[in-house]
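To be precise, the following lines are work-v4.tsv, and they hold TSV, C-alpha atoms and all ligand atoms.
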chain	number	residue	atom	x	y	z
A	27	MET	CA	3.53	-36.89	32.72
A	28	VAL	CA	1.95	-35.33	29.66
A	29	GLU	CA	3.62	-32.14	28.60
A	30	THR	CA	1.78	-29.75	26.28
A	31	LEU	CA	4.13	-27.90	24.00
A	32	MET	CA	2.65	-24.56	23.04
A	33	ARG	CA	3.56	-23.44	19.54
A	34	LYS	CA	4.92	-19.90	19.55
A	35	THR	CA	3.24	-17.16	17.52
A	36	ARG	CA	5.46	-16.97	14.45
A	37	ILE	CA	5.83	-13.67	12.62
A	38	ALA	CA	7.65	-13.49	9.30
A	39	VAL	CA	9.46	-10.15	8.89
A	40	LEU	CA	10.38	-9.28	5.31
A	41	GLY	CA	12.94	-6.51	4.86
A	42	THR	CA	13.24	-4.38	1.74
A	43	GLY	CA	15.36	-1.41	2.88
A	44	GLY	CA	14.24	2.21	3.24
A	45	THR	CA	14.85	4.74	6.01
A	46	ILE	CA	13.94	2.20	8.70
A	47	ALA	CA	17.15	0.47	7.62
A	48	GLY	CA	19.03	3.75	7.13
A	49	GLU	CA	22.22	5.08	8.70
A	50	ALA	CA	23.62	8.60	9.09
A	51	SER	CA	27.12	9.65	10.16
A	52	SER	CA	25.73	11.63	13.09
A	53	ALA	CA	22.89	10.73	15.46
A	54	SER	CA	21.53	14.26	15.12
A	55	ASP	CA	21.25	13.91	11.36
A	56	VAL	CA	17.68	12.95	10.55
A	57	LEU	CA	17.47	14.23	6.98
A	58	SER	CA	20.73	13.34	5.21
A	59	TYR	CA	21.51	9.66	5.51
A	60	GLN	CA	21.93	6.49	3.48
A	61	ASP	CA	18.76	4.44	3.39
A	62	SER	CA	18.72	0.63	3.00
A	63	GLN	CA	21.90	-0.16	4.96
A	64	LEU	CA	20.73	-2.52	7.71
A	65	SER	CA	19.32	-5.98	7.18
A	66	ALA	CA	15.89	-7.03	8.43
A	67	ALA	CA	17.62	-8.96	11.23
A	68	ASP	CA	19.63	-5.84	12.21
A	69	THR	CA	16.50	-3.70	12.45
A	70	LEU	CA	14.87	-6.34	14.66
A	71	ALA	CA	17.83	-6.62	17.07
A	72	PRO	CA	16.88	-3.65	19.33
A	73	LEU	CA	13.40	-5.17	19.83
A	74	ALA	CA	14.61	-8.38	21.50
A	75	PRO	CA	14.14	-7.29	25.15
A	76	TYR	CA	10.60	-6.07	24.50
A	77	LEU	CA	9.14	-8.94	22.51
A	78	PRO	CA	6.67	-11.19	24.29
A	79	ARG	CA	8.18	-14.63	25.00
A	80	GLU	CA	5.48	-16.38	23.01
A	81	VAL	CA	6.44	-14.58	19.78
A	82	GLU	CA	9.14	-15.90	17.46
A	83	LEU	CA	10.46	-14.01	14.47
A	84	LEU	CA	11.59	-15.20	11.08
A	85	ALA	CA	13.63	-12.50	9.29
A	86	LEU	CA	14.05	-12.49	5.53
A	87	GLN	CA	15.74	-9.98	3.26
A	88	ILE	CA	13.78	-9.55	0.04
A	89	SER	CA	15.53	-6.49	-1.38
A	90	GLN	CA	17.60	-3.54	-0.20
A	91	LEU	CA	16.33	-0.40	-1.88
A	92	GLY	CA	14.53	2.88	-1.19
A	93	SER	CA	10.85	2.61	-2.01
A	94	GLU	CA	11.11	5.41	-4.59
A	95	ASN	CA	12.84	2.67	-6.62
A	96	PHE	CA	10.04	0.13	-6.21
A	97	SER	CA	8.24	-0.96	-9.36
A	98	THR	CA	5.19	-3.06	-10.03
A	99	ASP	CA	7.62	-5.99	-10.31
A	100	THR	CA	8.69	-5.33	-6.70
A	101	TRP	CA	5.02	-5.58	-5.63
A	102	LEU	CA	4.71	-8.91	-7.42
A	103	LEU	CA	7.97	-10.15	-5.89
A	104	LEU	CA	6.64	-9.31	-2.43
A	105	ALA	CA	3.23	-10.87	-3.05
A	106	HIS	CA	4.86	-14.07	-4.31
A	107	ALA	CA	7.30	-14.14	-1.36
A	108	ILE	CA	4.48	-13.76	1.17
A	109	SER	CA	2.34	-16.43	-0.49
A	110	ARG	CA	5.27	-18.85	-0.59
A	111	LEU	CA	6.15	-18.20	3.06
A	112	ASP	CA	2.53	-18.65	4.04
A	113	GLN	CA	2.66	-22.19	2.71
A	114	THR	CA	6.18	-23.23	3.70
A	115	GLU	CA	6.72	-21.61	7.11
A	116	GLU	CA	3.10	-21.23	8.22
A	117	PRO	CA	3.60	-17.96	10.10
A	118	ASP	CA	0.72	-16.42	12.04
A	119	GLY	CA	1.31	-12.97	10.62
A	120	PHE	CA	3.57	-10.92	8.39
A	121	VAL	CA	5.50	-7.68	8.78
A	122	LEU	CA	6.97	-5.94	5.77
A	123	THR	CA	9.54	-3.20	6.37
A	124	GLN	CA	10.01	-0.69	3.60
A	125	GLY	CA	10.66	2.95	2.74
A	126	THR	CA	7.79	5.28	3.45
A	127	ASP	CA	7.67	7.06	0.08
A	128	THR	CA	5.60	4.46	-1.74
A	129	LEU	CA	4.59	2.41	1.29
A	130	GLU	CA	0.89	3.12	0.77
A	131	GLU	CA	1.04	1.74	-2.78
A	132	THR	CA	2.67	-1.55	-1.74
A	133	ALA	CA	0.24	-1.87	1.15
A	134	TYR	CA	-2.84	-1.37	-1.05
A	135	PHE	CA	-1.51	-3.72	-3.71
A	136	LEU	CA	-0.99	-6.49	-1.15
A	137	HIS	CA	-4.38	-5.67	0.44
A	138	LEU	CA	-6.04	-6.46	-2.89
A	139	ALA	CA	-3.81	-9.28	-4.11
A	140	LEU	CA	-2.87	-11.49	-1.16
A	141	LYS	CA	-4.98	-14.54	-0.45
A	142	THR	CA	-4.63	-14.75	3.30
A	143	ALA	CA	-6.71	-13.77	6.32
A	144	LYS	CA	-3.56	-13.50	8.45
A	145	PRO	CA	-2.54	-10.01	9.56
A	146	VAL	CA	-0.06	-8.30	7.24
A	147	VAL	CA	1.51	-5.09	8.55
A	148	VAL	CA	3.59	-2.75	6.41
A	149	VAL	CA	5.87	-0.47	8.39
A	150	GLY	CA	8.56	2.14	7.81
A	151	ALA	CA	10.24	5.01	9.57
A	152	MET	CA	10.70	8.69	8.92
A	153	ARG	CA	14.10	8.81	10.64
A	154	PRO	CA	17.12	6.59	10.06
A	155	ALA	CA	17.97	3.88	12.59
A	156	THR	CA	20.96	5.90	13.85
A	157	ALA	CA	18.88	8.98	14.77
A	158	ILE	CA	18.90	10.19	18.37
A	159	SER	CA	15.13	9.77	18.41
A	160	ALA	CA	14.56	7.12	15.75
A	161	ASP	CA	10.94	6.12	15.15
A	162	GLY	CA	11.79	2.83	13.41
A	163	PRO	CA	12.29	0.55	16.44
A	164	LEU	CA	8.98	1.53	18.07
A	165	ASN	CA	7.07	1.34	14.78
A	166	LEU	CA	8.60	-2.09	14.12
A	167	LEU	CA	7.83	-3.37	17.62
A	168	ARG	CA	4.22	-2.24	17.18
A	169	ALA	CA	4.08	-3.88	13.75
A	170	VAL	CA	5.18	-7.22	15.21
A	171	GLN	CA	2.71	-6.91	18.10
A	172	LEU	CA	-0.09	-6.05	15.67
A	173	ALA	CA	0.79	-8.89	13.28
A	174	ALA	CA	0.73	-11.29	16.25
A	175	SER	CA	-2.72	-10.16	17.35
A	176	PRO	CA	-5.68	-12.46	16.55
A	177	GLN	CA	-7.90	-9.37	16.86
A	178	VAL	CA	-6.89	-8.19	13.39
A	179	ARG	CA	-7.26	-11.48	11.56
A	180	GLY	CA	-9.30	-10.70	8.46
A	181	PHE	CA	-8.40	-7.00	8.48
A	182	GLY	CA	-6.21	-7.36	5.40
A	183	VAL	CA	-3.09	-5.25	5.11
A	184	MET	CA	-2.49	-2.56	7.71
A	185	VAL	CA	0.07	0.15	8.25
A	186	VAL	CA	1.21	1.06	11.73
A	187	ALA	CA	2.94	4.37	12.37
A	188	ASN	CA	3.33	6.58	15.42
A	189	GLU	CA	1.02	4.32	17.47
A	190	ARG	CA	-1.86	4.43	14.97
A	191	ILE	CA	-3.20	1.54	12.93
A	192	PHE	CA	-4.43	2.31	9.41
A	193	SER	CA	-6.11	0.26	6.72
A	194	ALA	CA	-4.04	-0.04	3.52
A	195	ARG	CA	-6.81	1.36	1.31
A	196	GLU	CA	-7.07	4.61	3.21
A	197	VAL	CA	-3.60	5.41	4.51
A	198	THR	CA	-1.33	8.00	2.94
A	199	LYS	CA	2.00	9.66	3.61
A	200	SER	CA	1.15	13.31	4.25
A	201	HIS	CA	4.38	15.00	5.36
A	202	THR	CA	7.91	15.07	3.98
A	203	SER	CA	9.70	14.52	7.28
A	204	SER	CA	7.46	14.45	10.36
A	205	ILE	CA	7.23	11.20	12.32
A	206	ASP	CA	3.46	11.82	12.29
A	207	SER	CA	3.37	11.66	8.51
A	208	PHE	CA	0.91	8.79	8.06
A	209	CYS	CA	-2.78	9.55	8.18
A	210	SER	CA	-6.05	8.59	6.63
A	211	PRO	CA	-7.86	11.74	5.49
A	212	GLU	CA	-11.58	11.69	6.29
A	213	PHE	CA	-11.70	8.06	7.47
A	214	GLY	CA	-9.18	8.18	10.32
A	215	CYS	CA	-7.26	5.26	11.76
A	216	VAL	CA	-8.86	1.88	12.48
A	217	GLY	CA	-7.32	1.82	15.95
A	218	TYR	CA	-4.37	2.52	18.18
A	219	MET	CA	-1.47	0.67	19.70
A	220	GLN	CA	-1.51	1.37	23.41
A	221	ASN	CA	1.65	0.17	25.16
A	222	GLY	CA	1.64	-2.75	22.75
A	223	ASP	CA	-2.06	-3.56	23.10
A	224	VAL	CA	-4.27	-3.38	20.05
A	225	LYS	CA	-7.22	-0.99	20.56
A	226	LEU	CA	-9.59	-1.22	17.62
A	227	HIS	CA	-12.32	1.27	16.77
A	228	ARG	CA	-13.63	0.03	13.45
A	229	MET	CA	-13.07	-2.48	10.64
A	230	PRO	CA	-11.96	-1.82	7.07
A	231	SER	CA	-15.24	-1.68	5.13
A	232	ARG	CA	-14.23	-2.44	1.53
A	233	HIS	CA	-13.48	-5.98	0.29
A	234	HIS	CA	-9.87	-7.13	0.26
A	235	THR	CA	-7.49	-10.15	0.29
A	236	ILE	CA	-9.53	-13.39	0.41
A	237	ASN	CA	-12.68	-11.45	-0.55
A	238	SER	CA	-11.20	-9.77	-3.60
A	239	PRO	CA	-11.29	-11.35	-7.07
A	240	PHE	CA	-7.68	-10.39	-7.81
A	241	SER	CA	-4.97	-13.00	-7.86
A	242	VAL	CA	-1.35	-12.61	-8.87
A	243	SER	CA	-0.56	-16.30	-8.65
A	244	GLY	CA	1.65	-17.10	-11.64
A	245	LEU	CA	1.61	-13.47	-12.81
A	246	GLN	CA	5.05	-12.18	-13.89
A	247	SER	CA	4.08	-8.60	-14.75
A	248	LEU	CA	1.20	-6.16	-14.39
A	249	PRO	CA	-0.52	-4.14	-17.11
A	250	LYS	CA	1.21	-0.77	-17.54
A	251	VAL	CA	-0.79	2.05	-15.96
A	252	ASP	CA	0.38	5.67	-15.79
A	253	ILE	CA	-0.68	8.83	-13.99
A	254	VAL	CA	-1.34	12.15	-15.73
A	255	TYR	CA	-1.11	15.21	-13.49
A	256	ALA	CA	-3.49	18.11	-14.17
A	257	TYR	CA	-2.50	21.74	-13.63
A	258	ALA	CA	-3.40	25.12	-15.13
A	259	GLY	CA	-2.18	25.20	-18.70
A	260	ALA	CA	-1.21	21.50	-18.88
A	261	GLY	CA	-0.75	20.18	-22.41
A	262	SER	CA	-1.46	16.68	-23.68
A	263	GLU	CA	2.19	15.68	-24.26
A	264	SER	CA	2.30	13.31	-21.29
A	265	ILE	CA	-0.86	11.49	-22.42
A	266	ARG	CA	0.54	11.05	-25.92
A	267	ALA	CA	3.89	9.85	-24.58
A	268	PHE	CA	2.17	7.29	-22.34
A	269	LEU	CA	0.09	6.06	-25.29
A	270	ASP	CA	3.25	5.71	-27.38
A	271	GLY	CA	4.83	3.84	-24.47
A	272	GLY	CA	2.11	1.19	-24.60
A	273	THR	CA	0.11	2.16	-21.53
A	274	ARG	CA	-3.04	0.13	-20.84
A	275	GLY	CA	-4.59	2.56	-18.39
A	276	LEU	CA	-4.34	6.23	-17.49
A	277	VAL	CA	-5.20	7.72	-14.12
A	278	HIS	CA	-6.05	11.39	-14.32
A	279	ALA	CA	-4.85	13.23	-11.20
A	280	GLY	CA	-7.45	15.87	-11.82
A	281	THR	CA	-8.17	19.25	-10.36
A	282	GLY	CA	-11.11	19.46	-7.93
A	283	ASN	CA	-13.71	16.75	-8.42
A	284	GLY	CA	-11.59	15.06	-11.10
A	285	SER	CA	-12.30	17.66	-13.76
A	286	ILE	CA	-10.58	17.32	-17.14
A	287	SER	CA	-9.50	20.29	-19.28
A	288	SER	CA	-10.59	20.38	-22.94
A	289	VAL	CA	-6.98	19.81	-24.04
A	290	HIS	CA	-6.75	16.66	-21.90
A	291	GLN	CA	-10.25	15.56	-22.97
A	292	MET	CA	-9.19	15.49	-26.61
A	293	ALA	CA	-6.20	13.27	-25.85
A	294	TYR	CA	-8.19	11.00	-23.51
A	295	ARG	CA	-10.87	10.56	-26.18
A	296	GLU	CA	-8.19	9.13	-28.44
A	297	ALA	CA	-6.92	6.93	-25.61
A	298	ILE	CA	-10.39	5.50	-24.93
A	299	LEU	CA	-10.87	4.85	-28.66
A	300	ARG	CA	-7.63	2.86	-28.57
A	301	GLY	CA	-9.01	0.73	-25.70
A	302	VAL	CA	-7.03	2.43	-22.93
A	303	ALA	CA	-8.92	2.74	-19.62
A	304	VAL	CA	-9.17	6.29	-18.23
A	305	VAL	CA	-9.83	6.79	-14.51
A	306	ARG	CA	-10.64	10.21	-13.06
A	307	SER	CA	-9.18	10.86	-9.63
A	308	SER	CA	-8.38	14.06	-7.78
A	309	ARG	CA	-5.15	15.76	-6.81
A	310	THR	CA	-6.90	17.49	-3.85
A	311	GLY	CA	-5.98	14.75	-1.35
A	312	SER	CA	-9.45	13.99	-0.01
A	313	GLY	CA	-13.05	13.53	-1.04
A	314	LEU	CA	-14.93	11.34	-3.47
A	315	VAL	CA	-14.70	11.82	-7.23
A	316	SER	CA	-18.33	11.53	-8.17
A	317	ARG	CA	-19.32	9.54	-11.21
A	318	ASN	CA	-20.95	11.73	-13.88
A	319	GLY	CA	-20.00	14.78	-11.80
A	320	ALA	CA	-17.34	17.06	-13.28
A	321	VAL	CA	-17.39	14.83	-16.39
A	322	ASP	CA	-20.23	12.76	-17.86
A	323	ASP	CA	-18.45	9.42	-17.46
A	324	ASP	CA	-21.29	7.50	-19.14
A	325	ALA	CA	-20.90	9.52	-22.32
A	326	PHE	CA	-17.12	9.94	-22.17
A	327	GLY	CA	-16.31	6.31	-21.32
A	328	SER	CA	-14.26	7.14	-18.22
A	329	ILE	CA	-14.25	5.65	-14.73
A	330	SER	CA	-14.39	7.59	-11.46
A	331	SER	CA	-11.94	6.66	-8.72
A	332	ASP	CA	-14.32	6.91	-5.76
A	333	THR	CA	-12.10	8.03	-2.84
A	334	LEU	CA	-8.86	6.56	-4.17
A	335	SER	CA	-5.93	8.93	-4.61
A	336	PRO	CA	-4.23	8.87	-8.03
A	337	GLN	CA	-1.48	6.52	-6.79
A	338	LYS	CA	-4.00	4.14	-5.19
A	339	ALA	CA	-6.27	4.28	-8.25
A	340	ARG	CA	-3.27	3.20	-10.31
A	341	VAL	CA	-2.80	0.14	-8.07
A	342	LEU	CA	-6.44	-0.91	-8.41
A	343	LEU	CA	-6.53	-0.26	-12.16
A	344	SER	CA	-3.38	-2.38	-12.71
A	345	LEU	CA	-5.02	-5.32	-10.97
A	346	ALA	CA	-8.47	-4.71	-12.47
A	347	LEU	CA	-7.00	-4.78	-15.98
A	348	THR	CA	-5.75	-8.32	-15.35
A	349	LEU	CA	-9.42	-9.36	-15.27
A	350	LYS	CA	-11.53	-6.88	-17.30
A	351	GLN	CA	-11.10	-4.21	-19.96
A	352	ASP	CA	-14.58	-2.80	-20.20
A	353	ALA	CA	-15.24	0.63	-18.53
A	354	PRO	CA	-18.53	-0.34	-16.75
A	355	GLU	CA	-16.91	-3.49	-15.32
A	356	LEU	CA	-13.81	-1.56	-14.26
A	357	GLN	CA	-16.11	0.99	-12.61
A	358	ARG	CA	-17.64	-1.79	-10.53
A	359	TYR	CA	-14.19	-2.55	-9.09
A	360	PHE	CA	-13.75	1.11	-8.15
A	361	ASP	CA	-17.16	1.08	-6.49
A	362	ASN	CA	-16.29	-1.97	-4.40
A	363	TYR	CA	-12.54	-2.04	-3.61
A	401	LIG	N1	14.09	6.69	1.16
A	401	LIG	C1	12.66	6.83	1.19
A	401	LIG	C2	11.99	5.53	0.84
A	401	LIG	O1	12.61	4.51	0.78
A	401	LIG	C3	12.15	7.38	2.47
A	401	LIG	C4	11.86	6.39	3.54
A	401	LIG	O2	12.32	5.29	3.57
A	401	LIG	O3	11.11	6.72	4.42
A	401	LIG	O4	10.83	5.52	0.62

Take the structure from the file and write it as structure tokens.
Ligand code: DAS
Amino acid sequence: MVETLMRKTRIAVLGTGGTIAGEASSASDVLSYQDSQLSAADTLAPLAPYLPREVELLALQISQLGSENFSTDTWLLLAHAISRLDQTEEPDGFVLTQGTDTLEETAYFLHLALKTAKPVVVVGAMRPATAISADGPLNLLRAVQLAASPQVRGFGVMVVANERIFSAREVTKSHTSSIDSFCSPEFGCVGYMQNGDVKLHRMPSRHHTINSPFSVSGLQSLPKVDIVYAYAGAGSESIRAFLDGGTRGLVHAGTGNGSISSVHQMAYREAILRGVAVVRSSRTGSGLVSRNGAVDDDAFGSISSDTLSPQKARVLLSLALTLKQDAPELQRYFDNY
């Protein structure tokens, strides 16, 4: 008798801490708690009865810290861990659990840097694991189901939250405490999770992962890029401090369509003369920062962020600076990624 052994769908789950791994002293306490207490394996335990039999999980603890403490080195650590696992364990998909505060930055970084067509899902929770109505277990179950789905092969990095699937480039945390915090202003989600089934509505349109030129293989650090926040009456102290600190790129979180005050313009002019890249983005939360709009980028030597938020523009600029320094070439990355 010939027996065919079916290989199970293997999902690697990488834990890094955050609220999804958090504990409070009372189940009714959803706001004061200790994050990063449970291991990746602990957070997966409640899912066991609901996982399809053909799925097997591989749990790994990468770090145990709130995502407000993530750095660009954490992103590199995660990218290297995923690439290594991809080769050694040959999983079919990846789930990364982390705090929600900077989740969108990690997700976009991996979306640009990873060289895999396998689904990668970044997931967190707004309430600790001990909460009477914790969102972590359902989000995590959906993340595993999504990562196991061949339908999203080639979609790059996704975020799943509150039954919606988002593309890493577009997703943002939009609320301090609601379980419906994750959204994608203007673009919307790419699909839904419906009782564990993946229901897709569109594909991510910009290039990513295997179709991006960025590679962090062998890279131990990223170029330093900082964000300058614009507000009425802002001085240029932060720009000067960043320049003194050795920054390689500055992202302007500008008012409106990425406008720059005359005080900031003077300091940025000096930055550009010193070879520091300056990207104009907007603090408004949605819309496209148009090139040669509020500022004549051609004349000024700046780059417009397209629809990237300041924190996402920083991610792209950090990676772009590993390949190019020139403003027109950097602009091409912002037009395409
Ligand atoms: N502690 C914050 C963080 O790690 C919040 C969270 O996990 O959701 O990002």

Worksheet item: What is the atom CA of A:Val81 to atom CA of A:Leu172 distance in Å?
Response: 11.5 Å

Discussion item. Counting only C-alpha atoms and all ligand atoms, what are the residues, protein, DNA or RNA alike, that approach ligand LIG 401 (chain A) to within 6 Å? I want them as number ranges by chain.
Written reply: A: 44-45, 61, 92-94, 125-128, 151-152

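When all atoms listed in the file are used to measure the gap to A:Pro163, the shortest distance among A:Gly119, A:Gly214, A:Pro336, A:Gly48 belongs to A:Gly48.
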
Practice prompt. Show me as a PyMOL selection string the residues that reach within 8 Å of (6.4, 10.0, 11.6), counting only C-alpha atoms and using the file's own coordinates.
Written response: chain A and resi 151-153+161+187-188+203-208

Item to complete: Go through A:Leu167, A:Leu77, A:Leu342, A:Met219 one by one, measure the shortest atom-to-atom distance of each to A:Ala133 using only C-alpha atoms, and give the residue with the smallest value.
Response: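 Answer, going by the shortest atom-to-atom distance: A:Leu342.
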
Worksheet item: Near stretch 231-234 of chain A, counting only C-alpha atoms, which residues have an atom at most 12 Å away, once you skip same-chain residues fewer than 2 positions from it, shown as a ChimeraX atom specification?
Response: /A:133-143,180-184,193-196,213,216,228-229,236-241,332-334,342,359-363

Which residues of stretch 55-174 of chain A come within 10 Å of stretch 35-43 of chain A, and for each one, what is the closest pair of atoms and their distance in Å to one decimal, counting only C-alpha atoms, sorted by chain and residue number, as a Markdown table?
| residue | atom | partner | partner_atom | distance |
| --- | --- | --- | --- | --- |
| A:Asp61 | CA | A:Gly43 | CA | 6.8 |
| A:Ser62 | CA | A:Gly43 | CA | 3.9 |
| A:Gln63 | CA | A:Gly43 | CA | 7.0 |
| A:Leu64 | CA | A:Gly43 | CA | 7.3 |
| A:Ser65 | CA | A:Gly41 | CA | 6.8 |
| A:Ala66 | CA | A:Gly41 | CA | 4.7 |
| A:Ala67 | CA | A:Gly41 | CA | 8.3 |
| A:Asp68 | CA | A:Gly41 | CA | 10.0 |
| A:Thr69 | CA | A:Gly41 | CA | 8.8 |
| A:Leu70 | CA | A:Val39 | CA | 8.8 |
| A:Pro78 | CA | A:Thr35 | CA | 9.7 |
| A:Arg79 | CA | A:Thr35 | CA | 9.3 |
| A:Glu80 | CA | A:Thr35 | CA | 6.0 |
| A:Val81 | CA | A:Thr35 | CA | 4.7 |
| A:Glu82 | CA | A:Arg36 | CA | 4.9 |
| A:Leu83 | CA | A:Ile37 | CA | 5.0 |
| A:Leu84 | CA | A:Ala38 | CA | 4.6 |
| A:Ala85 | CA | A:Val39 | CA | 4.8 |
| A:Leu86 | CA | A:Leu40 | CA | 4.9 |
| A:Gln87 | CA | A:Gly41 | CA | 4.7 |
| A:Ile88 | CA | A:Thr42 | CA | 5.5 |
| A:Ser89 | CA | A:Thr42 | CA | 4.4 |
| A:Gln90 | CA | A:Gly43 | CA | 4.4 |
| A:Leu91 | CA | A:Gly43 | CA | 5.0 |
| A:Gly92 | CA | A:Gly43 | CA | 6.0 |
| A:Ser93 | CA | A:Gly43 | CA | 7.8 |
| A:Phe96 | CA | A:Thr42 | CA | 9.7 |
| A:Thr100 | CA | A:Thr42 | CA | 9.6 |
| A:Leu104 | CA | A:Leu40 | CA | 8.6 |
| A:Ala107 | CA | A:Leu40 | CA | 8.8 |
| A:Ile108 | CA | A:Leu40 | CA | 8.5 |
| A:Leu111 | CA | A:Ala38 | CA | 8.0 |
| A:Asp112 | CA | A:Ala38 | CA | 9.0 |
| A:Glu115 | CA | A:Ala38 | CA | 8.5 |
| A:Glu116 | CA | A:Arg36 | CA | 7.9 |
| A:Pro117 | CA | A:Arg36 | CA | 4.8 |
| A:Asp118 | CA | A:Arg36 | CA | 5.3 |
| A:Gly119 | CA | A:Ile37 | CA | 5.0 |
| A:Phe120 | CA | A:Ala38 | CA | 4.9 |
| A:Val121 | CA | A:Val39 | CA | 4.7 |
| A:Leu122 | CA | A:Leu40 | CA | 4.8 |
| A:Thr123 | CA | A:Gly41 | CA | 5.0 |
| A:Gln124 | CA | A:Thr42 | CA | 5.2 |
| A:Gly125 | CA | A:Gly43 | CA | 6.4 |
| A:Pro145 | CA | A:Ile37 | CA | 9.6 |
| A:Val146 | CA | A:Ala38 | CA | 9.5 |
| A:Val147 | CA | A:Val39 | CA | 9.4 |
| A:Val148 | CA | A:Leu40 | CA | 9.5 |
| A:Val149 | CA | A:Gly41 | CA | 9.9 |
| A:Gly150 | CA | A:Gly43 | CA | 9.1 |
| A:Leu166 | CA | A:Val39 | CA | 9.6 |
| A:Ala169 | CA | A:Val39 | CA | 9.6 |
| A:Val170 | CA | A:Ile37 | CA | 7.0 |
| A:Gln171 | CA | A:Ile37 | CA | 9.2 |
| A:Ala173 | CA | A:Ile37 | CA | 7.0 |
| A:Ala174 | CA | A:Thr35 | CA | 6.5 |

When you look at A:Pro154 with a cut-off of 8 Å (counting all atoms listed in the file), what residues show up, excluding the ones that are within fewer than 4 positions of it in the same chain? I need them as a short mmCIF file (atom, residue, chain, number, x, y, z; two decimals) with C-alpha atoms, in the frame of the given file.
data_model
loop_
_atom_site.label_atom_id
_atom_site.label_comp_id
_atom_site.auth_asym_id
_atom_site.auth_seq_id
_atom_site.Cartn_x
_atom_site.Cartn_y
_atom_site.Cartn_z
CA THR A 45 14.85 4.74 6.01
CA ILE A 46 13.94 2.20 8.70
CA ALA A 47 17.15 0.47 7.62
CA GLY A 48 19.03 3.75 7.13
CA GLU A 49 22.22 5.08 8.70
CA ALA A 50 23.62 8.60 9.09
CA VAL A 56 17.68 12.95 10.55
CA TYR A 59 21.51 9.66 5.51
CA ASP A 61 18.76 4.44 3.39
CA ALA A 160 14.56 7.12 15.75
CA GLY A 162 11.79 2.83 13.41
#

Worksheet item: Expressed in Å to a single decimal, how great is the separation between atom CA of A:Thr310 and atom CA of A:Tyr255?
Response: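 Separation between atom CA of A:Thr310 and atom CA of A:Tyr255: 11.5 Å.
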
Discussion item. What does the structure give for the distance between atom CA of A:Val302 and atom CA of A:Gly244, in Å to one decimal?
Written reply: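 Atom CA of A:Gly244 lies at a distance of 24.2 Å from atom CA of A:Val302.
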
Fill in: Residues within 12 Å of A:Glu263, all atoms listed in the file, excluding chain neighbours under 3 positions, as a list in words
Val254, Tyr255, Ala256, Gly259, Ala260, Arg266, Ala267, Phe268, Leu269, Asp270, Val289, His290, Met292, Ala293 and Tyr294 of chain A

Item to complete: Please identify all polymer residues lying at most 12 Å from the point (-6.0, 13.3, 7.9) (file coordinates), using all atoms listed in the file, and present the result as a ChimeraX atom specification.
Response: /A:192,196-201,206-215,311-313

Practice prompt. Could you tell me which of A:Gln291, A:Ser51, A:Ser307, A:Gln113 comes closest to A:Phe326 if we count all atoms listed in the file?
Written response: A:Gln291

Worksheet item: Nearest to A:Ser335: which of A:Arg358, A:Arg168, A:Arg295, A:Arg306 is it, counting all atoms listed in the file?
Response: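 So, comparing all the options, the nearest one is A:Arg306.
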
Fill in: Top pick for closest residue to A:Ala279, considering A:Tyr257, A:Tyr218, A:Trp101, A:Tyr76 and counting only C-alpha atoms
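Between A:Tyr257, A:Tyr218, A:Trp101, A:Tyr76, the residue approaching A:Ala279 most closely is A:Tyr257.
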
N, CA, C and O atoms for stretch 36-42 of chain A, written as a PDB file, keeping the file's coordinate frame, could you do that?
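Written file, out26.pdb:
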ATOM      1  N   ARG A  36       4.329 -17.193  15.361  1.00  0.00           N
ATOM      2  CA  ARG A  36       5.460 -16.970  14.450  1.00  0.00           C
ATOM      3  C   ARG A  36       5.142 -15.804  13.496  1.00  0.00           C
ATOM      4  O   ARG A  36       4.131 -15.829  12.788  1.00  0.00           O
ATOM      5  N   ILE A  37       6.015 -14.814  13.509  1.00  0.00           N
ATOM      6  CA  ILE A  37       5.830 -13.670  12.620  1.00  0.00           C
ATOM      7  C   ILE A  37       6.974 -13.617  11.619  1.00  0.00           C
ATOM      8  O   ILE A  37       8.146 -13.584  12.004  1.00  0.00           O
ATOM      9  N   ALA A  38       6.630 -13.609  10.351  1.00  0.00           N
ATOM     10  CA  ALA A  38       7.650 -13.490   9.300  1.00  0.00           C
ATOM     11  C   ALA A  38       7.874 -12.003   9.025  1.00  0.00           C
ATOM     12  O   ALA A  38       6.916 -11.267   8.768  1.00  0.00           O
ATOM     13  N   VAL A  39       9.122 -11.569   9.133  1.00  0.00           N
ATOM     14  CA  VAL A  39       9.460 -10.150   8.890  1.00  0.00           C
ATOM     15  C   VAL A  39      10.271 -10.069   7.600  1.00  0.00           C
ATOM     16  O   VAL A  39      11.379 -10.609   7.520  1.00  0.00           O
ATOM     17  N   LEU A  40       9.716  -9.404   6.605  1.00  0.00           N
ATOM     18  CA  LEU A  40      10.380  -9.280   5.310  1.00  0.00           C
ATOM     19  C   LEU A  40      10.980  -7.887   5.188  1.00  0.00           C
ATOM     20  O   LEU A  40      10.254  -6.883   5.305  1.00  0.00           O
ATOM     21  N   GLY A  41      12.270  -7.811   4.965  1.00  0.00           N
ATOM     22  CA  GLY A  41      12.940  -6.510   4.860  1.00  0.00           C
ATOM     23  C   GLY A  41      13.184  -6.130   3.413  1.00  0.00           C
ATOM     24  O   GLY A  41      13.536  -6.979   2.583  1.00  0.00           O
ATOM     25  N   THR A  42      12.984  -4.844   3.122  1.00  0.00           N
ATOM     26  CA  THR A  42      13.240  -4.380   1.740  1.00  0.00           C
ATOM     27  C   THR A  42      14.107  -3.126   1.703  1.00  0.00           C
ATOM     28  O   THR A  42      14.322  -2.569   0.644  1.00  0.00           O
TER      29      THR A  42
END
